[in-house]
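Have a look at work.tsv below; it lists TSV, C-alpha atoms and all ligand atoms.
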```tsv
chain	number	residue	atom	x	y	z
L	1059	MET	CA	13.16	-15.36	-10.10
L	1060	ARG	CA	16.01	-13.97	-8.06
L	1061	MET	CA	16.50	-10.84	-6.01
L	1062	HIS	CA	19.98	-9.47	-6.70
L	1063	ALA	CA	20.08	-6.47	-4.37
L	1064	TYR	CA	17.79	-4.48	-2.07
L	1065	GLY	CA	15.76	-1.92	-3.95
L	1066	ASP	CA	12.77	-1.40	-6.21
L	1067	ALA	CA	11.05	-4.11	-8.25
L	1068	GLY	CA	13.89	-3.91	-10.79
L	1069	VAL	CA	16.13	-5.96	-8.45
L	1070	LEU	CA	14.04	-9.05	-9.32
L	1071	ARG	CA	15.26	-10.92	-12.39
L	1072	LEU	CA	14.36	-14.13	-14.15
L	1073	ASP	CA	17.66	-16.03	-14.33
L	1074	GLU	CA	18.70	-19.30	-15.91
L	1075	VAL	CA	20.42	-21.35	-13.15
L	1076	ARG	CA	21.30	-24.99	-12.47
L	1077	ALA	CA	18.56	-27.16	-10.99
L	1078	PRO	CA	18.89	-27.44	-7.21
L	1079	VAL	CA	20.32	-30.72	-5.93
L	1080	PRO	CA	18.29	-32.14	-3.03
L	1081	ARG	CA	20.25	-32.76	0.17
L	1082	ASP	CA	19.57	-35.58	2.63
L	1083	GLY	CA	15.91	-35.52	3.61
L	1084	GLU	CA	14.94	-33.26	0.70
L	1085	VAL	CA	13.04	-33.99	-2.48
L	1086	LEU	CA	12.92	-32.14	-5.77
L	1087	VAL	CA	9.56	-30.57	-6.63
L	1088	ARG	CA	8.55	-29.37	-10.08
L	1089	VAL	CA	6.75	-26.08	-9.42
L	1090	ALA	CA	3.20	-25.66	-10.75
L	1091	GLY	CA	2.72	-22.32	-9.01
L	1092	THR	CA	3.84	-19.96	-6.30
L	1093	SER	CA	1.94	-16.96	-4.99
L	1094	PHE	CA	2.76	-13.36	-4.25
L	1095	ASN	CA	2.81	-12.23	-0.61
L	1096	PRO	CA	3.16	-8.51	0.24
L	1097	SER	CA	5.85	-9.25	2.85
L	1098	GLU	CA	8.09	-9.97	-0.16
L	1099	ILE	CA	8.09	-6.22	-0.81
L	1100	GLY	CA	9.43	-5.65	2.70
L	1101	LEU	CA	12.16	-8.20	2.04
L	1102	ARG	CA	12.95	-6.70	-1.37
L	1103	ASN	CA	13.35	-3.12	-0.28
L	1104	GLY	CA	15.39	-4.05	2.80
L	1105	TRP	CA	12.83	-3.28	5.55
L	1106	LEU	CA	13.20	-6.78	6.97
L	1107	ARG	CA	17.01	-6.65	7.26
L	1108	GLY	CA	18.14	-7.65	10.74
L	1109	VAL	CA	14.83	-9.46	11.33
L	1110	PHE	CA	14.83	-11.76	8.31
L	1111	ASP	CA	18.18	-11.95	6.55
L	1112	VAL	CA	18.84	-13.74	3.28
L	1113	SER	CA	21.97	-14.13	1.19
L	1114	LEU	CA	21.89	-12.60	-2.29
L	1115	PRO	CA	21.09	-13.51	-4.96
L	1116	TYR	CA	17.96	-14.91	-3.28
L	1117	THR	CA	15.36	-16.99	-5.12
L	1118	VAL	CA	12.01	-15.70	-3.87
L	1119	GLY	CA	8.75	-17.63	-3.39
L	1120	TRP	CA	7.47	-18.83	0.00
L	1121	ASP	CA	4.39	-20.62	-1.35
L	1122	LEU	CA	4.80	-23.84	-3.29
L	1123	ALA	CA	2.39	-26.02	-5.25
L	1124	GLY	CA	3.89	-28.66	-7.51
L	1125	THR	CA	4.63	-32.30	-8.13
L	1126	VAL	CA	7.37	-34.42	-6.59
L	1127	VAL	CA	9.90	-35.34	-9.27
L	1128	GLY	CA	9.93	-39.12	-9.61
L	1129	THR	CA	6.58	-39.89	-7.96
L	1130	GLY	CA	4.39	-37.17	-9.50
L	1131	GLU	CA	2.64	-36.64	-6.15
L	1132	PRO	CA	0.88	-33.25	-6.03
L	1133	VAL	CA	2.02	-31.25	-3.00
L	1134	VAL	CA	1.85	-27.87	-1.31
L	1135	ALA	CA	4.29	-26.38	1.16
L	1136	ARG	CA	5.38	-23.22	2.91
L	1137	VAL	CA	9.06	-23.01	1.96
L	1138	ASP	CA	11.89	-20.67	2.97
L	1139	GLY	CA	12.16	-19.13	-0.49
L	1140	GLY	CA	12.94	-20.83	-3.77
L	1141	ALA	CA	9.43	-21.56	-5.05
L	1142	ALA	CA	9.53	-18.81	-7.70
L	1143	ALA	CA	11.36	-21.24	-9.97
L	1144	GLY	CA	10.86	-24.27	-12.18
L	1145	LEU	CA	12.29	-26.70	-9.62
L	1146	VAL	CA	12.85	-26.43	-5.87
L	1147	ALA	CA	14.45	-28.76	-3.30
L	1148	VAL	CA	12.29	-29.06	-0.17
L	1149	GLU	CA	12.56	-31.02	3.07
L	1150	ALA	CA	10.16	-33.93	2.59
L	1151	GLY	CA	8.64	-33.32	6.03
L	1152	ARG	CA	7.31	-29.91	4.95
L	1153	LEU	CA	5.22	-31.29	2.09
L	1154	VAL	CA	1.46	-31.74	2.39
L	1155	ARG	CA	-0.73	-33.45	-0.21
L	1156	ALA	CA	-2.30	-30.80	-2.45
L	1157	PRO	CA	-6.07	-30.39	-2.56
L	1158	GLY	CA	-7.92	-32.07	-5.41
L	1159	GLY	CA	-10.61	-30.32	-7.37
L	1160	VAL	CA	-8.67	-27.07	-7.83
L	1161	PRO	CA	-5.94	-26.37	-10.39
L	1162	LEU	CA	-2.64	-27.34	-8.76
L	1163	ALA	CA	-1.12	-23.89	-9.39
L	1164	HIS	CA	-4.01	-22.28	-7.49
L	1165	ALA	CA	-3.17	-24.32	-4.39
L	1166	ALA	CA	-0.09	-22.08	-4.09
L	1167	ALA	CA	-2.47	-19.48	-2.63
L	1168	LEU	CA	-2.82	-21.60	0.47
L	1169	PRO	CA	0.38	-21.85	2.57
L	1170	VAL	CA	1.37	-18.35	3.79
L	1171	ALA	CA	-2.05	-16.69	3.63
L	1172	GLY	CA	-3.98	-19.77	4.77
L	1173	LEU	CA	-1.63	-20.57	7.66
L	1174	THR	CA	-1.65	-16.94	8.82
L	1175	ALA	CA	-5.45	-16.88	8.78
L	1176	TRP	CA	-5.68	-20.27	10.51
L	1177	GLN	CA	-3.32	-19.27	13.30
L	1178	ALA	CA	-5.02	-15.87	13.73
L	1179	VAL	CA	-8.54	-17.27	13.88
L	1180	PHE	CA	-8.07	-20.53	15.78
L	1181	GLU	CA	-4.81	-20.33	17.71
L	1182	HIS	CA	-4.68	-16.68	18.77
L	1183	ALA	CA	-8.27	-15.40	18.62
L	1184	ARG	CA	-9.81	-18.77	19.61
L	1185	VAL	CA	-12.89	-18.01	17.53
L	1186	ALA	CA	-15.84	-20.23	18.46
L	1187	ALA	CA	-19.51	-20.57	17.52
L	1188	GLY	CA	-21.65	-17.54	18.28
L	1189	MET	CA	-18.79	-15.06	18.60
L	1190	SER	CA	-18.88	-11.78	16.71
L	1191	VAL	CA	-15.75	-11.32	14.62
L	1192	LEU	CA	-14.51	-8.34	12.63
L	1193	VAL	CA	-12.04	-9.16	9.85
L	1194	ASN	CA	-10.32	-5.88	8.94
L	1195	GLY	CA	-8.83	-6.23	5.46
L	1196	ALA	CA	-11.03	-9.07	4.21
L	1197	GLY	CA	-10.37	-8.32	0.52
L	1198	GLY	CA	-6.74	-9.44	0.70
L	1199	GLY	CA	-5.09	-12.83	0.54
L	1200	ILE	CA	-5.24	-13.60	4.27
L	1201	GLY	CA	-8.64	-11.94	4.68
L	1202	GLY	CA	-10.46	-14.29	2.33
L	1203	PHE	CA	-9.30	-17.25	4.39
L	1204	ALA	CA	-9.96	-15.52	7.72
L	1205	VAL	CA	-13.58	-14.79	6.75
L	1206	GLN	CA	-14.17	-18.39	5.68
L	1207	LEU	CA	-12.51	-19.93	8.74
L	1208	ALA	CA	-14.35	-17.67	11.20
L	1209	ARG	CA	-17.65	-18.43	9.44
L	1210	HIS	CA	-16.83	-22.16	9.48
L	1211	ALA	CA	-16.26	-21.88	13.24
L	1212	GLY	CA	-19.82	-20.58	13.58
L	1213	ALA	CA	-18.99	-16.92	14.19
L	1214	VAL	CA	-21.03	-13.95	13.04
L	1215	VAL	CA	-18.58	-12.32	10.63
L	1216	THR	CA	-18.34	-8.64	9.79
L	1217	ALA	CA	-15.71	-7.70	7.22
L	1218	THR	CA	-14.17	-4.52	5.85
L	1219	ALA	CA	-13.64	-4.28	2.11
L	1220	SER	CA	-13.87	-1.68	-0.62
L	1221	PRO	CA	-16.44	-2.07	-3.43
L	1222	ARG	CA	-14.06	-4.05	-5.65
L	1223	SER	CA	-13.93	-6.86	-3.05
L	1224	GLU	CA	-17.38	-6.59	-1.48
L	1225	ALA	CA	-19.16	-9.24	-3.57
L	1226	VAL	CA	-16.33	-11.78	-3.18
L	1227	VAL	CA	-16.09	-11.22	0.57
L	1228	ARG	CA	-19.85	-11.75	0.92
L	1229	ALA	CA	-19.65	-14.88	-1.23
L	1230	LEU	CA	-16.89	-16.21	1.04
L	1231	GLY	CA	-19.28	-15.96	3.98
L	1232	ALA	CA	-19.18	-12.50	5.58
L	1233	HIS	CA	-22.58	-11.64	7.08
L	1234	GLU	CA	-21.90	-7.91	6.74
L	1235	VAL	CA	-19.37	-5.95	4.69
L	1236	HIS	CA	-18.37	-2.36	5.51
L	1237	ASP	CA	-16.43	-0.08	3.19
L	1238	TYR	CA	-13.26	0.72	5.18
L	1239	ARG	CA	-12.99	4.12	3.50
L	1240	LEU	CA	-15.96	5.20	5.65
L	1241	GLY	CA	-14.28	4.04	8.87
L	1242	LEU	CA	-14.57	0.84	10.86
L	1243	PRO	CA	-17.91	-0.54	12.05
L	1244	PRO	CA	-18.17	0.38	15.75
L	1245	GLY	CA	-18.95	-3.06	17.17
L	1246	PRO	CA	-17.83	-3.83	19.81
L	1247	PHE	CA	-16.84	-7.31	18.61
L	1248	ASP	CA	-15.73	-10.33	20.59
L	1249	VAL	CA	-12.75	-10.59	18.24
L	1250	VAL	CA	-11.06	-8.22	15.81
L	1251	VAL	CA	-8.65	-9.80	13.32
L	1252	ASN	CA	-6.53	-7.02	11.85
L	1253	LEU	CA	-4.77	-7.58	8.53
L	1254	VAL	CA	-4.02	-3.96	7.63
L	1255	PRO	CA	-1.08	-1.73	8.63
L	1256	LEU	CA	-2.42	0.86	11.11
L	1257	GLU	CA	-1.34	4.44	11.83
L	1258	THR	CA	-3.10	4.63	15.20
L	1259	PRO	CA	-3.35	0.97	16.26
L	1260	THR	CA	-4.70	1.63	19.76
L	1261	ASP	CA	-7.90	3.04	18.18
L	1262	LEU	CA	-8.78	-0.54	17.24
L	1263	VAL	CA	-9.29	-1.42	20.92
L	1264	ARG	CA	-12.50	0.67	20.94
L	1265	HIS	CA	-14.02	-1.89	18.55
L	1266	VAL	CA	-13.38	-4.82	20.92
L	1267	ARG	CA	-15.76	-5.65	23.78
L	1268	PRO	CA	-14.37	-5.80	27.34
L	1269	ALA	CA	-12.25	-8.96	27.77
L	1270	GLY	CA	-12.41	-9.50	24.00
L	1271	THR	CA	-9.44	-10.14	21.74
L	1272	VAL	CA	-7.63	-8.21	19.03
L	1273	VAL	CA	-5.20	-10.15	16.85
L	1274	SER	CA	-2.98	-8.20	14.47
L	1275	VAL	CA	-0.61	-9.64	11.90
L	1276	THR	CA	0.66	-6.17	10.97
L	1277	THR	CA	1.08	-3.34	13.47
L	1278	PRO	CA	1.10	-4.46	17.14
L	1279	VAL	CA	-1.92	-3.03	18.99
L	1280	ALA	CA	-1.04	-1.54	22.40
L	1281	VAL	CA	-3.93	-1.76	24.88
L	1282	PRO	CA	-4.54	1.38	26.99
L	1283	PRO	CA	-4.03	1.11	30.78
L	1284	GLY	CA	-7.11	-0.25	32.56
L	1285	SER	CA	-8.44	-2.12	29.52
L	1286	ASP	CA	-8.84	-5.89	29.80
L	1287	VAL	CA	-8.78	-6.44	26.05
L	1288	ARG	CA	-6.33	-9.17	25.09
L	1289	SER	CA	-4.00	-8.10	22.28
L	1290	VAL	CA	-1.94	-10.55	20.23
L	1291	HIS	CA	0.61	-9.78	17.54
L	1292	PHE	CA	2.23	-12.76	15.87
L	1293	VAL	CA	4.30	-13.96	12.94
L	1294	MET	CA	2.95	-17.02	11.14
L	1295	ARG	CA	4.92	-20.25	11.25
L	1296	ASP	CA	5.00	-23.28	9.02
L	1297	ASP	CA	2.79	-25.99	10.52
L	1298	THR	CA	2.04	-28.97	8.31
L	1299	ALA	CA	-0.89	-30.07	10.52
L	1300	HIS	CA	-2.55	-26.68	10.02
L	1301	LEU	CA	-1.80	-26.79	6.29
L	1302	ALA	CA	-3.24	-30.31	6.02
L	1303	SER	CA	-6.40	-29.11	7.84
L	1304	LEU	CA	-6.72	-26.26	5.32
L	1305	VAL	CA	-6.30	-28.71	2.43
L	1306	ALA	CA	-9.02	-30.91	3.93
L	1307	LEU	CA	-11.37	-27.91	4.09
L	1308	VAL	CA	-10.63	-27.09	0.44
L	1309	ASP	CA	-11.28	-30.74	-0.48
L	1310	ALA	CA	-14.58	-30.59	1.44
L	1311	GLY	CA	-15.63	-27.44	-0.42
L	1312	VAL	CA	-15.69	-25.44	2.83
L	1313	VAL	CA	-12.77	-23.16	1.93
L	1314	ARG	CA	-12.47	-21.60	-1.51
L	1315	LEU	CA	-9.37	-20.08	-3.05
L	1316	ASP	CA	-9.87	-16.42	-4.00
L	1317	ILE	CA	-7.53	-16.33	-7.01
L	1318	ALA	CA	-7.79	-12.83	-8.43
L	1319	ALA	CA	-5.09	-13.36	-11.08
L	1320	GLN	CA	-2.77	-15.98	-12.52
L	1321	ARG	CA	0.33	-14.58	-14.21
L	1322	PRO	CA	3.60	-15.94	-15.59
L	1323	LEU	CA	6.56	-15.90	-13.21
L	1324	ALA	CA	8.34	-13.34	-15.41
L	1325	ASP	CA	5.61	-10.86	-14.40
L	1326	LEU	CA	6.75	-10.85	-10.75
L	1327	PRO	CA	8.38	-7.37	-10.93
L	1328	ALA	CA	5.13	-6.04	-12.43
L	1329	VAL	CA	3.14	-7.81	-9.70
L	1330	HIS	CA	5.31	-6.05	-7.09
L	1331	ARG	CA	4.64	-2.70	-8.76
L	1332	ASP	CA	0.92	-3.41	-8.91
L	1333	ALA	CA	0.92	-4.34	-5.21
L	1334	GLU	CA	2.78	-1.14	-4.34
L	1335	ALA	CA	0.19	0.84	-6.30
L	1336	GLY	CA	-2.65	-0.84	-4.34
L	1337	LEU	CA	-3.97	-2.58	-7.45
L	1338	LEU	CA	-4.02	-6.16	-6.10
L	1339	ARG	CA	-6.77	-7.93	-4.22
L	1340	GLY	CA	-7.28	-11.60	-3.30
L	1341	LYS	CA	-4.37	-13.85	-4.23
L	1342	THR	CA	-2.12	-13.60	-7.27
L	1343	VAL	CA	-0.67	-16.90	-8.44
L	1344	LEU	CA	2.50	-17.05	-10.56
L	1345	THR	CA	3.36	-19.95	-12.83
L	1346	PRO	CA	6.79	-20.84	-14.21
H	1401	LIG	N1	2.40	-11.58	10.77
H	1401	LIG	C1	2.50	-12.46	9.79
H	1401	LIG	O1	2.93	-13.59	10.00
H	1401	LIG	C2	2.10	-12.08	8.40
H	1401	LIG	C3	2.05	-13.07	7.42
H	1401	LIG	C4	1.65	-12.72	6.14
H	1401	LIG	C5	1.33	-11.40	5.87
H	1401	LIG	N2	1.42	-10.45	6.84
H	1401	LIG	C6	1.01	-9.05	6.56
H	1401	LIG	O2	-0.41	-9.06	6.61
H	1401	LIG	C7	-0.92	-8.04	5.77
H	1401	LIG	C8	-2.01	-8.63	4.90
H	1401	LIG	O3	-1.47	-9.58	4.03
H	1401	LIG	P1	-2.28	-10.06	2.75
H	1401	LIG	O4	-1.46	-11.04	2.02
H	1401	LIG	O5	-3.67	-10.40	3.15
H	1401	LIG	O6	-2.30	-8.66	1.96
H	1401	LIG	P2	-2.89	-8.28	0.56
H	1401	LIG	O7	-3.51	-9.45	-0.11
H	1401	LIG	O8	-1.84	-7.56	-0.17
H	1401	LIG	O9	-4.02	-7.23	0.97
H	1401	LIG	C9	-4.55	-6.44	-0.04
H	1401	LIG	C10	-5.93	-6.03	0.42
H	1401	LIG	O10	-5.83	-5.07	1.47
H	1401	LIG	C11	-7.06	-4.41	1.53
H	1401	LIG	N3	-6.90	-3.11	2.15
H	1401	LIG	C12	-6.04	-2.12	1.79
H	1401	LIG	N4	-6.18	-1.07	2.63
H	1401	LIG	C13	-7.15	-1.40	3.51
H	1401	LIG	C14	-7.75	-0.73	4.61
H	1401	LIG	N5	-7.38	0.50	4.99
H	1401	LIG	N6	-8.70	-1.37	5.32
H	1401	LIG	C15	-9.10	-2.62	4.97
H	1401	LIG	N7	-8.57	-3.31	3.93
H	1401	LIG	C16	-7.61	-2.70	3.22
H	1401	LIG	C17	-7.55	-4.30	0.10
H	1401	LIG	O11	-8.92	-4.62	0.17
H	1401	LIG	P3	-10.02	-4.20	-0.94
H	1401	LIG	O12	-9.78	-5.11	-2.10
H	1401	LIG	O13	-11.29	-4.46	-0.21
H	1401	LIG	O14	-9.80	-2.75	-1.27
H	1401	LIG	C18	-6.73	-5.35	-0.65
H	1401	LIG	O15	-7.53	-6.31	-1.29
H	1401	LIG	C19	0.28	-7.49	5.01
H	1401	LIG	O16	0.66	-6.26	5.62
H	1401	LIG	C20	1.34	-8.55	5.20
H	1401	LIG	O17	2.66	-8.01	5.12
H	1401	LIG	C21	1.79	-10.76	8.09
```

Go ahead and render the structure in this file as C-alpha cells.
Ligand SMILES: NC(=O)c1ccc[n+]([C@@H]2O[C@H](COP(=O)([O-])OP(=O)(O)OC[C@H]3O[C@@H](n4cnc5c(N)ncnc54)[C@H](OP(=O)(O)O)[C@@H]3O)[C@@H](O)[C@H]2O)c1
Amino acid sequence: MRMHAYGDAGVLRLDEVRAPVPRDGEVLVRVAGTSFNPSEIGLRNGWLRGVFDVSLPYTVGWDLAGTVVGTGEPVVARVDGGAAAGLVAVEAGRLVRAPGGVPLAHAAALPVAGLTAWQAVFEHARVAAGMSVLVNGAGGGIGGFAVQLARHAGAVVTATASPRSEAVVRALGAHEVHDYRLGLPPGPFDVVVNLVPLETPTDLVRHVRPAGTVVSVTTPVAVPPGSDVRSVHFVMRDDTAHLASLVALVDAGVVRLDIAAQRPLADLPAVHRDAEAGLLRGKTVLTP
C-alpha cells in the first residue's frame, strides 16, 4: 500500500511490486498484520513535511506483526514504514517475539500505540501506585494501553471517553469514565496523560495538582508563570525492551488488545476516510 503523492486518501494505492531484498543485518518478514495510526494522515496530507520526510512512492505501515521467512518465528516490530505489504525487510535487532494467545495480526496493534502509552505512563509521567491519573482520550489506540498500564502500576485511573467507548474503557481498568463532551473532570490529578489535540492546551494545567505532571503526545502544554506543574511533550521512539515488556504483559493477560476492527489492506484509503470522519475507536488492524 503505497503513498504516491501528498493529498487526500486517494493518494494511497495497492500496488504490485517486487519483494524487498533484505540487506546486511535485515531479515524478510511475511506480514500477518499492520495497524492504522492517525499520524499517517499527517504524513499523507503533507503536515509532517520538514519534520518527517519520506521519498515517494512510500510504502506505509509503522506497525508490524508477522513471521520471519525461513524460520517461521512470530514477531512484532515498530518499523520505519513498509509494513502495509505482504513482505517487509526489517533490521533483525528491531524484532521482538510476538505474544502468544492472541491472533498474530492483532499483535500489530501493539508497537506504536503500546510504546507511546508505555513511554507516557512510565518514562515521562512516572506513574506509581496510589497516584491519581487522568487519561484524556482513553477510547483511542494509545488510550486503551495507557489506561491498562496506569492501572497495572497501581494508580487510580479516571478516563475520558464518549458513550461508544465507555464500556471498553471500564473493562480495560478505568475506575471512572467521564464523557469528554461534557468537559474534563476537574481533578486535580497527580498526572494527566493527554492523547487528544487541544485548542487551549494551557487549560489542562488546571486539572493537575501542584507539582504534578502533564504529559501530552499531541499539542505541547505550556505551563503558566508561577505554576510548578511539570509539562512533558514527547515523540515516541522504538525501544525493543519496552516492546518486549508490553508483549510479556499481553502474555500474562495483564494487557488486552482493543481491536475494534480488522480489515483487508486494500481498505486503507477507506480507513483513512473513516478516521478523518471521527468514526474510528480502539485499534484498526489491516491484513494483507
Ligand atoms: N507523540 C507521539 O509520539 C505520538 C505517537 C502516536 C500518536 N500520536 C498522536 O496521539 C493522538 C492519539 O493517537 P491514537 O492512536 O490513540 O488516536 P486514535 O485511536 O485515532 O483516537 C481516536 C479516539 O479519540 C477519542 N477522542 C476524540 N476526540 C476526543 C476528545 N475531545 N476527548 C477525548 N477523546 C477524544 C475518541 O474516543 P471515543 O471513542 O471515546 O469517542 C476516539 O476513540 C493522535 O493525535 C496521534 O497523532 C502521537

Give me the residues near range 1060-1068 of chain L as a PyMOL selection string, where near means some atom within 12 Å (using only C-alpha atoms) and where sequence neighbours in that chain fewer than 2 positions away do not count. chain L and resi 1070-1075+1098-1107+1111-1119+1139-1143+1323-1334

So that I have them on file, write out the residues from the current selection with C-alpha atoms, as a tab-separated table (two decimals), keeping the file's coordinate frame.
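New file out_29.tsv:
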```tsv
chain	number	residue	atom	x	y	z
L	1070	LEU	CA	14.04	-9.05	-9.32
L	1071	ARG	CA	15.26	-10.92	-12.39
L	1072	LEU	CA	14.36	-14.13	-14.15
L	1073	ASP	CA	17.66	-16.03	-14.33
L	1074	GLU	CA	18.70	-19.30	-15.91
L	1075	VAL	CA	20.42	-21.35	-13.15
L	1098	GLU	CA	8.09	-9.97	-0.16
L	1099	ILE	CA	8.09	-6.22	-0.81
L	1100	GLY	CA	9.43	-5.65	2.70
L	1101	LEU	CA	12.16	-8.20	2.04
L	1102	ARG	CA	12.95	-6.70	-1.37
L	1103	ASN	CA	13.35	-3.12	-0.28
L	1104	GLY	CA	15.39	-4.05	2.80
L	1105	TRP	CA	12.83	-3.28	5.55
L	1106	LEU	CA	13.20	-6.78	6.97
L	1107	ARG	CA	17.01	-6.65	7.26
L	1111	ASP	CA	18.18	-11.95	6.55
L	1112	VAL	CA	18.84	-13.74	3.28
L	1113	SER	CA	21.97	-14.13	1.19
L	1114	LEU	CA	21.89	-12.60	-2.29
L	1115	PRO	CA	21.09	-13.51	-4.96
L	1116	TYR	CA	17.96	-14.91	-3.28
L	1117	THR	CA	15.36	-16.99	-5.12
L	1118	VAL	CA	12.01	-15.70	-3.87
L	1119	GLY	CA	8.75	-17.63	-3.39
L	1139	GLY	CA	12.16	-19.13	-0.49
L	1140	GLY	CA	12.94	-20.83	-3.77
L	1141	ALA	CA	9.43	-21.56	-5.05
L	1142	ALA	CA	9.53	-18.81	-7.70
L	1143	ALA	CA	11.36	-21.24	-9.97
L	1323	LEU	CA	6.56	-15.90	-13.21
L	1324	ALA	CA	8.34	-13.34	-15.41
L	1325	ASP	CA	5.61	-10.86	-14.40
L	1326	LEU	CA	6.75	-10.85	-10.75
L	1327	PRO	CA	8.38	-7.37	-10.93
L	1328	ALA	CA	5.13	-6.04	-12.43
L	1329	VAL	CA	3.14	-7.81	-9.70
L	1330	HIS	CA	5.31	-6.05	-7.09
L	1331	ARG	CA	4.64	-2.70	-8.76
L	1332	ASP	CA	0.92	-3.41	-8.91
L	1333	ALA	CA	0.92	-4.34	-5.21
L	1334	GLU	CA	2.78	-1.14	-4.34
```

Check every protein, DNA and RNA residue against ligand LIG 1401 (chain H), keep those with an atom at most 7 Å away (counting all atoms listed in the file), and present them as a PyMOL selection string. chain L and resi 1095-1097+1170-1171+1174+1194-1201+1218-1224+1238-1239+1253-1255+1275-1276+1292-1294+1333+1338-1341

Take the residues that were just selected and, keeping C-alpha atoms, output them as an mmCIF file, in the frame of the given file.
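Final output, saved to out38.cif:
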```cif
data_model
loop_
_atom_site.group_PDB
_atom_site.id
_atom_site.type_symbol
_atom_site.label_atom_id
_atom_site.label_comp_id
_atom_site.auth_asym_id
_atom_site.auth_seq_id
_atom_site.Cartn_x
_atom_site.Cartn_y
_atom_site.Cartn_z
ATOM 1 C CA ASN L 1095 2.810 -12.230 -0.610
ATOM 2 C CA PRO L 1096 3.160 -8.510 0.240
ATOM 3 C CA SER L 1097 5.850 -9.250 2.850
ATOM 4 C CA VAL L 1170 1.370 -18.350 3.790
ATOM 5 C CA ALA L 1171 -2.050 -16.690 3.630
ATOM 6 C CA THR L 1174 -1.650 -16.940 8.820
ATOM 7 C CA ASN L 1194 -10.320 -5.880 8.940
ATOM 8 C CA GLY L 1195 -8.830 -6.230 5.460
ATOM 9 C CA ALA L 1196 -11.030 -9.070 4.210
ATOM 10 C CA GLY L 1197 -10.370 -8.320 0.520
ATOM 11 C CA GLY L 1198 -6.740 -9.440 0.700
ATOM 12 C CA GLY L 1199 -5.090 -12.830 0.540
ATOM 13 C CA ILE L 1200 -5.240 -13.600 4.270
ATOM 14 C CA GLY L 1201 -8.640 -11.940 4.680
ATOM 15 C CA THR L 1218 -14.170 -4.520 5.850
ATOM 16 C CA ALA L 1219 -13.640 -4.280 2.110
ATOM 17 C CA SER L 1220 -13.870 -1.680 -0.620
ATOM 18 C CA PRO L 1221 -16.440 -2.070 -3.430
ATOM 19 C CA ARG L 1222 -14.060 -4.050 -5.650
ATOM 20 C CA SER L 1223 -13.930 -6.860 -3.050
ATOM 21 C CA GLU L 1224 -17.380 -6.590 -1.480
ATOM 22 C CA TYR L 1238 -13.260 0.720 5.180
ATOM 23 C CA ARG L 1239 -12.990 4.120 3.500
ATOM 24 C CA LEU L 1253 -4.770 -7.580 8.530
ATOM 25 C CA VAL L 1254 -4.020 -3.960 7.630
ATOM 26 C CA PRO L 1255 -1.080 -1.730 8.630
ATOM 27 C CA VAL L 1275 -0.610 -9.640 11.900
ATOM 28 C CA THR L 1276 0.660 -6.170 10.970
ATOM 29 C CA PHE L 1292 2.230 -12.760 15.870
ATOM 30 C CA VAL L 1293 4.300 -13.960 12.940
ATOM 31 C CA MET L 1294 2.950 -17.020 11.140
ATOM 32 C CA ALA L 1333 0.920 -4.340 -5.210
ATOM 33 C CA LEU L 1338 -4.020 -6.160 -6.100
ATOM 34 C CA ARG L 1339 -6.770 -7.930 -4.220
ATOM 35 C CA GLY L 1340 -7.280 -11.600 -3.300
ATOM 36 C CA LYS L 1341 -4.370 -13.850 -4.230
#
```

Determine, counting all atoms listed in the file, which protein, DNA and RNA residues have an atom within 12 Å of an atom of Asp1082 in chain L; residues of the same chain fewer than 5 positions away are not included. Present the result as a PyMOL selection string. chain L and resi 1147-1151

Write out as a short mmCIF file (atom, residue, chain, number, x, y, z; two decimals) with C-alpha atoms, in the frame of the given file each polymer residue whose atoms come within 7 Å of Ala1123 in chain L, counting all atoms listed in the file; drop sequence neighbours fewer than 3 positions from it.
```cif
data_model
loop_
_atom_site.label_atom_id
_atom_site.label_comp_id
_atom_site.auth_asym_id
_atom_site.auth_seq_id
_atom_site.Cartn_x
_atom_site.Cartn_y
_atom_site.Cartn_z
CA VAL L 1089 6.75 -26.08 -9.42
CA ALA L 1090 3.20 -25.66 -10.75
CA GLY L 1091 2.72 -22.32 -9.01
CA THR L 1092 3.84 -19.96 -6.30
CA VAL L 1133 2.02 -31.25 -3.00
CA VAL L 1134 1.85 -27.87 -1.31
CA ALA L 1135 4.29 -26.38 1.16
CA LEU L 1162 -2.64 -27.34 -8.76
CA ALA L 1163 -1.12 -23.89 -9.39
CA ALA L 1165 -3.17 -24.32 -4.39
CA ALA L 1166 -0.09 -22.08 -4.09
#
```

Set the distance at 6 Å and use all atoms listed in the file: which residues neighbour Pro1132 in chain L once local chain neighbours fewer than 4 positions away are removed? I'd like the list as a list in words.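 Returned residues: Gly1124, Thr1125 and Ala1156 of chain L.
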
Using CA of Val1305 in chain L and CA of Gly1212 in chain L as the two end points, give the distance in Å to one decimal.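 Taking CA of Val1305 in chain L as the start and CA of Gly1212 in chain L as the end point, the length is 19.3 Å.
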